[in-house]
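Dumped data27.cif below, it's mmCIF, C-alpha atoms:
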```
data_my_file
loop_
_atom_site.label_atom_id
_atom_site.label_comp_id
_atom_site.auth_asym_id
_atom_site.auth_seq_id
_atom_site.Cartn_x
_atom_site.Cartn_y
_atom_site.Cartn_z
CA MET Q 1 -0.21 -12.87 14.92
CA THR Q 2 1.65 -13.98 11.81
CA PRO Q 3 0.60 -14.72 8.24
CA SER Q 4 0.10 -18.27 7.07
CA PRO Q 5 3.34 -20.08 6.22
CA THR Q 6 2.41 -20.02 2.53
CA ALA Q 7 1.75 -16.28 2.56
CA LEU Q 8 4.92 -15.52 4.48
CA ALA Q 9 7.03 -17.58 2.07
CA ALA Q 10 5.40 -15.81 -0.89
CA PHE Q 11 6.05 -12.42 0.72
CA ARG Q 12 9.72 -13.24 1.17
CA ALA Q 13 10.03 -14.37 -2.45
CA ALA Q 14 8.16 -11.44 -4.04
CA LYS Q 15 9.71 -8.40 -5.67
CA GLY Q 16 9.37 -5.32 -3.50
CA PHE Q 17 10.96 -3.06 -0.95
CA MET Q 18 9.06 -3.61 2.31
CA PRO Q 19 11.25 -5.11 5.07
CA GLU Q 20 9.77 -8.12 6.81
CA GLU Q 21 9.49 -6.35 10.18
CA GLU Q 22 7.32 -3.65 8.64
CA GLY Q 23 5.36 -6.24 6.67
CA LEU Q 24 4.48 -8.14 9.81
CA ALA Q 25 3.35 -4.90 11.46
CA LEU Q 26 1.14 -4.18 8.44
CA TYR Q 27 -0.30 -7.69 8.57
CA GLY Q 28 -1.06 -7.35 12.29
CA ALA Q 29 -2.85 -4.05 11.74
CA ALA Q 30 -4.82 -5.42 8.79
CA ARG Q 31 -5.85 -8.57 10.60
CA GLU Q 32 -6.99 -6.66 13.69
CA ALA Q 33 -8.97 -4.09 11.71
CA ALA Q 34 -10.57 -6.62 9.35
CA HIS Q 35 -11.68 -8.93 12.17
CA ARG Q 36 -13.01 -6.06 14.27
CA LEU Q 37 -14.88 -4.13 11.56
CA GLY Q 38 -15.44 -6.74 8.86
CA LEU Q 39 -14.93 -4.19 6.08
CA PRO Q 40 -12.56 -4.35 3.10
CA LEU Q 41 -8.89 -3.41 3.33
CA LEU Q 42 -7.43 -1.07 0.71
CA GLU Q 43 -3.89 -0.51 -0.49
CA VAL Q 44 -2.70 2.46 -2.56
CA GLY Q 45 0.45 1.47 -4.43
CA SER Q 46 0.88 -2.27 -4.98
CA TYR Q 47 3.97 -2.52 -7.22
CA CYS Q 48 4.52 -6.29 -7.65
CA GLY Q 49 2.27 -7.41 -4.81
CA ARG Q 50 4.70 -7.99 -1.94
CA SER Q 51 2.61 -6.14 0.65
CA THR Q 52 -0.63 -7.17 -1.06
CA ILE Q 53 0.07 -10.77 -0.03
CA LEU Q 54 -0.12 -9.77 3.63
CA LEU Q 55 -3.31 -7.73 3.24
CA ALA Q 56 -4.92 -10.53 1.23
CA ASP Q 57 -4.01 -13.14 3.83
CA ALA Q 58 -5.51 -10.96 6.56
CA ALA Q 59 -8.63 -10.42 4.44
CA ARG Q 60 -8.93 -14.16 3.81
CA GLU Q 61 -8.88 -14.89 7.54
CA ALA Q 62 -11.53 -12.26 8.23
CA GLY Q 63 -13.83 -13.19 5.36
CA THR Q 64 -13.42 -9.92 3.50
CA VAL Q 65 -11.28 -8.69 0.57
CA ALA Q 66 -8.21 -6.59 -0.06
CA VAL Q 67 -8.62 -3.89 -2.72
CA THR Q 68 -5.52 -2.62 -4.50
CA VAL Q 69 -5.26 0.68 -6.40
CA ASP Q 70 -2.31 1.12 -8.75
CA HIS Q 71 -1.80 2.25 -12.35
CA HIS Q 72 1.08 -0.29 -12.52
CA ARG Q 73 3.30 2.06 -14.55
CA GLY Q 74 5.70 2.53 -11.64
CA SER Q 75 6.33 5.52 -9.40
CA GLU Q 76 8.88 8.25 -10.03
CA GLU Q 77 11.86 6.44 -8.57
CA GLN Q 78 11.14 3.28 -10.64
CA GLN Q 79 11.50 4.93 -14.03
CA PRO Q 80 14.58 4.39 -16.26
CA GLY Q 81 17.67 6.11 -14.90
CA TRP Q 82 16.40 6.17 -11.31
CA GLU Q 83 17.57 4.20 -8.29
CA TYR Q 84 14.76 1.64 -8.11
CA HIS Q 85 14.35 0.95 -11.82
CA ASP Q 86 14.02 -2.75 -12.67
CA PRO Q 87 14.47 -3.41 -16.41
CA GLU Q 88 12.72 -6.78 -16.03
CA LEU Q 89 9.47 -4.90 -15.47
CA VAL Q 90 9.54 -2.99 -18.76
CA ASP Q 91 6.93 -4.00 -21.33
CA ARG Q 92 9.07 -4.47 -24.46
CA THR Q 93 6.09 -4.47 -26.81
CA PRO Q 94 6.87 -2.17 -29.78
CA GLY Q 95 5.25 1.16 -29.19
CA VAL Q 96 4.93 0.60 -25.42
CA GLN Q 97 8.38 0.39 -23.80
CA ARG Q 98 7.07 1.36 -20.37
CA ILE Q 99 7.08 -0.07 -16.87
CA ASP Q 100 4.23 -2.55 -16.37
CA THR Q 101 4.12 -4.28 -13.00
CA LEU Q 102 0.64 -5.77 -13.48
CA PRO Q 103 1.74 -9.16 -14.93
CA THR Q 104 4.23 -9.66 -12.09
CA PHE Q 105 1.61 -8.53 -9.57
CA ARG Q 106 -0.83 -11.15 -10.84
CA ARG Q 107 1.80 -13.90 -10.79
CA THR Q 108 2.70 -12.95 -7.21
CA LEU Q 109 -0.88 -13.41 -6.03
CA HIS Q 110 -1.32 -16.59 -8.03
CA THR Q 111 1.80 -18.10 -6.50
CA ALA Q 112 0.55 -17.17 -3.03
CA GLY Q 113 -2.87 -18.70 -3.74
CA LEU Q 114 -4.60 -15.43 -2.84
CA GLU Q 115 -6.11 -14.18 -6.11
CA ALA Q 116 -9.64 -14.89 -4.89
CA HIS Q 117 -9.18 -12.51 -1.96
CA VAL Q 118 -8.02 -9.46 -3.95
CA VAL Q 119 -9.89 -6.94 -6.08
CA ALA Q 120 -7.28 -5.19 -8.22
CA VAL Q 121 -8.26 -1.76 -9.52
CA VAL Q 122 -5.95 -0.54 -12.28
CA GLY Q 123 -6.07 3.24 -12.31
CA ARG Q 124 -4.78 6.41 -10.76
CA SER Q 125 -5.49 6.90 -7.09
CA PRO Q 126 -7.34 10.26 -7.20
CA GLN Q 127 -9.63 9.12 -10.01
CA VAL Q 128 -10.53 5.88 -8.23
CA ALA Q 129 -10.99 7.63 -4.87
CA ALA Q 130 -13.43 10.09 -6.45
CA LEU Q 131 -15.69 7.15 -7.36
CA TRP Q 132 -15.34 5.26 -4.08
CA ASN Q 133 -18.22 5.04 -1.57
CA THR Q 134 -17.48 1.98 0.60
CA PRO Q 135 -16.20 2.36 4.20
CA LEU Q 136 -12.90 0.59 4.81
CA SER Q 137 -11.37 -1.22 7.78
CA LEU Q 138 -7.90 -0.08 6.78
CA VAL Q 139 -6.23 2.14 4.20
CA PHE Q 140 -2.55 1.56 3.47
CA ILE Q 141 -0.85 4.49 1.71
CA ASP Q 142 2.29 3.45 -0.16
CA GLY Q 143 1.98 5.14 -3.55
CA GLY Q 144 4.01 7.93 -5.12
CA HIS Q 145 6.27 9.78 -2.73
CA THR Q 146 6.06 13.29 -4.12
CA ASP Q 147 4.01 15.80 -2.13
CA GLU Q 148 1.45 15.87 -4.94
CA HIS Q 149 0.89 12.13 -4.92
CA ALA Q 150 1.14 11.50 -1.18
CA THR Q 151 -1.22 14.38 -0.43
CA GLY Q 152 -3.64 13.21 -3.12
CA ASP Q 153 -3.66 9.70 -1.67
CA TYR Q 154 -4.35 11.01 1.83
CA GLU Q 155 -7.08 13.42 0.78
CA GLY Q 156 -8.70 10.83 -1.49
CA TRP Q 157 -8.68 7.82 0.82
CA ALA Q 158 -8.44 8.89 4.49
CA PRO Q 159 -12.11 9.99 4.52
CA HIS Q 160 -13.11 6.41 3.66
CA VAL Q 161 -11.52 4.90 6.77
CA ALA Q 162 -14.43 3.82 8.96
CA PRO Q 163 -14.65 5.10 12.56
CA GLY Q 164 -12.25 3.00 14.56
CA GLY Q 165 -10.51 1.87 11.37
CA LEU Q 166 -6.81 2.19 10.66
CA LEU Q 167 -4.73 4.42 8.40
CA VAL Q 168 -1.28 3.01 7.69
CA ILE Q 169 1.43 5.13 6.05
CA HIS Q 170 4.70 3.73 4.74
CA ASP Q 171 8.10 5.41 4.35
CA VAL Q 172 7.61 7.98 7.11
CA PHE Q 173 11.09 9.41 7.70
CA PRO Q 174 11.35 12.23 10.27
CA ASP Q 175 15.00 12.71 9.28
CA PRO Q 176 15.38 13.95 5.67
CA ALA Q 177 18.69 12.07 5.46
CA ASP Q 178 16.74 8.80 5.62
CA GLY Q 179 14.31 9.48 2.77
CA GLY Q 180 11.76 11.78 1.18
CA GLN Q 181 9.54 13.85 3.41
CA ALA Q 182 6.17 13.67 1.66
CA PRO Q 183 4.85 10.65 3.64
CA TYR Q 184 6.17 12.24 6.84
CA ARG Q 185 4.23 15.44 6.11
CA VAL Q 186 1.07 13.43 5.40
CA HIS Q 187 1.54 11.60 8.70
CA ARG Q 188 1.89 14.87 10.58
CA ARG Q 189 -1.18 16.25 8.81
CA ALA Q 190 -3.26 13.21 9.79
CA LEU Q 191 -2.32 13.63 13.45
CA ALA Q 192 -2.91 17.39 13.37
CA SER Q 193 -6.37 16.92 11.82
CA GLY Q 194 -7.73 15.47 15.05
CA ALA Q 195 -9.30 12.66 13.03
CA PHE Q 196 -6.51 10.18 13.71
CA ALA Q 197 -4.46 9.13 16.73
CA GLY Q 198 -1.15 7.30 16.62
CA VAL Q 199 -1.20 3.56 17.39
CA SER Q 200 2.26 2.25 16.58
CA ALA Q 201 5.51 2.85 14.70
CA THR Q 202 7.65 0.10 13.17
CA ARG Q 203 10.68 1.53 11.45
CA SER Q 204 9.11 3.71 8.71
CA LEU Q 205 5.60 2.25 9.05
CA ARG Q 206 3.04 4.28 11.01
CA VAL Q 207 -0.36 2.99 12.12
CA LEU Q 208 -3.10 5.47 13.11
CA ARG Q 209 -6.67 4.91 14.25
CA ARG Q 210 -9.60 7.03 13.12
CA THR Q 211 -11.04 8.69 16.18
CA GLY Q 212 -13.05 11.56 14.71
CA ASP Q 213 -14.03 13.66 11.71
CA GLY Q 214 -12.23 16.49 9.99
CA VAL Q 215 -9.81 14.53 7.79
#
```

As structure tokens - that is how I would like this structure written.
Amino acid sequence: MTPSPTALAAFRAAKGFMPEEEGLALYGAAREAAHRLGLPLLEVGSYCGRSTILLADAAREAGTVAVTVDHHRGSEEQQPGWEYHDPELVDRTPGVQRIDTLPTFRRTLHTAGLEAHVVAVVGRSPQVAALWNTPLSLVFIDGGHTDEHATGDYEGWAPHVAPGGLLVIHDVFPDPADGGQAPYRVHRRALASGAFAGVSATRSLRVLRRTGDGV
């Protein structure tokens, strides 16, 4: 299972950090879950829309939508002076001078022809999750990588994964030398909860299936 040629080309051209191998694994999980359950897909942490393209293409095929949750002000490592800062994404409006990935995100989806298949929620993950009531085919956690943010994303969104649905976590690094440990700890917590069972691992991408309660 692969995305449409248009979606794959847009993914390759988009700003972002997800390697193609992991992106294809995400697409496969999203397509399977959306076709099987028919419920929306949801992404926490969209940045400029690279991974959103794949979720939106899977949603399009299944006749559902991809929901994105992001404040679009950038995560910790994307701020000025940090490793992943991109000065092209700074809003230079006087009095603002902050990261704003929303315009680039919208252009990414427009270029891919997938705007109609995405509902973009601009806000902070815990606040949006507190208002959410719709079961989801898949939740993709790829937001802030501090323990506070990763834990908040898990606690806020994992309960909304429908029975049999999928929880996907990005940047899971068992070895601290490879990256931060917050997503790894969330992954371990999900498995230990008894609510999720491991399905697959592709580099740092982990796919889990909801098998019970007690998130």

- Query: When distances are computed from all atoms listed in the file, which of Q:Thr2, Q:Ser51, Q:Ser200, Q:Ser193 shows the smallest separation from Gly214 (chain Q)?
  - Reply: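 Among the listed residues, Q:Ser193 lies closest to Gly214 (chain Q).
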
- Residues returned when the PyMOL selection byres ((chain Q and resi 7) around 7) runs on this file, as a ChimeraX atom specification: /Q:3-6,8-11,53-54,57,112

- Query: For Gly144 (chain Q), which residue among Q:Thr68, Q:Ser46, Q:Thr52, Q:Ser75 is the nearest when counting all atoms listed in the file?
  - Reply: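 That would be Q:Ser75, the residue with the smallest distance to Gly144 (chain Q).
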
- Message: Evaluated on this file, the PyMOL selection byres ((chain Q and resi 209) around 8) picks out some residues - which ones are they, written as JSON, numbers by chain?
- Response: {"Q": [164, 165, 166, 167, 196, 197, 198, 199, 207, 208, 210, 211]}

Output C-alpha atoms of each residue in that selection to a file, as a short mmCIF file (atom, residue, chain, number, x, y, z; two decimals), keeping the file's coordinate frame.
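Below is the file again.cif, written as the result:
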```
data_model
loop_
_atom_site.label_atom_id
_atom_site.label_comp_id
_atom_site.auth_asym_id
_atom_site.auth_seq_id
_atom_site.Cartn_x
_atom_site.Cartn_y
_atom_site.Cartn_z
CA GLY Q 164 -12.25 3.00 14.56
CA GLY Q 165 -10.51 1.87 11.37
CA LEU Q 166 -6.81 2.19 10.66
CA LEU Q 167 -4.73 4.42 8.40
CA PHE Q 196 -6.51 10.18 13.71
CA ALA Q 197 -4.46 9.13 16.73
CA GLY Q 198 -1.15 7.30 16.62
CA VAL Q 199 -1.20 3.56 17.39
CA VAL Q 207 -0.36 2.99 12.12
CA LEU Q 208 -3.10 5.47 13.11
CA ARG Q 210 -9.60 7.03 13.12
CA THR Q 211 -11.04 8.69 16.18
#
```

- Note on the structure: In Å and to one decimal, CA of Val161 (chain Q) is distant from CA of Gly49 (chain Q) by 21.8 Å

- Item | Contacts of His72 (chain Q) at 12 Å (all atoms listed in the file; same-chain gap of 5+ positions) as a PyMOL selection string | chain Q and resi 44-49+78-79+89-91+98-106+120-125+143-144

- List the residues selected by the PyMOL selection byres ((chain Q and resi 179-182) around 9) in the file shown, writing them as a list in words.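 Given this file, the PyMOL selection byres ((chain Q and resi 179-182) around 9) evaluates to His145, Thr146, Asp147, Glu148, His149, Ala150, Thr151, Asp171, Val172, Phe173, Pro174, Asp175, Pro176, Ala177, Asp178, Pro183, Tyr184, Arg185, Val186 and His187 of chain Q.
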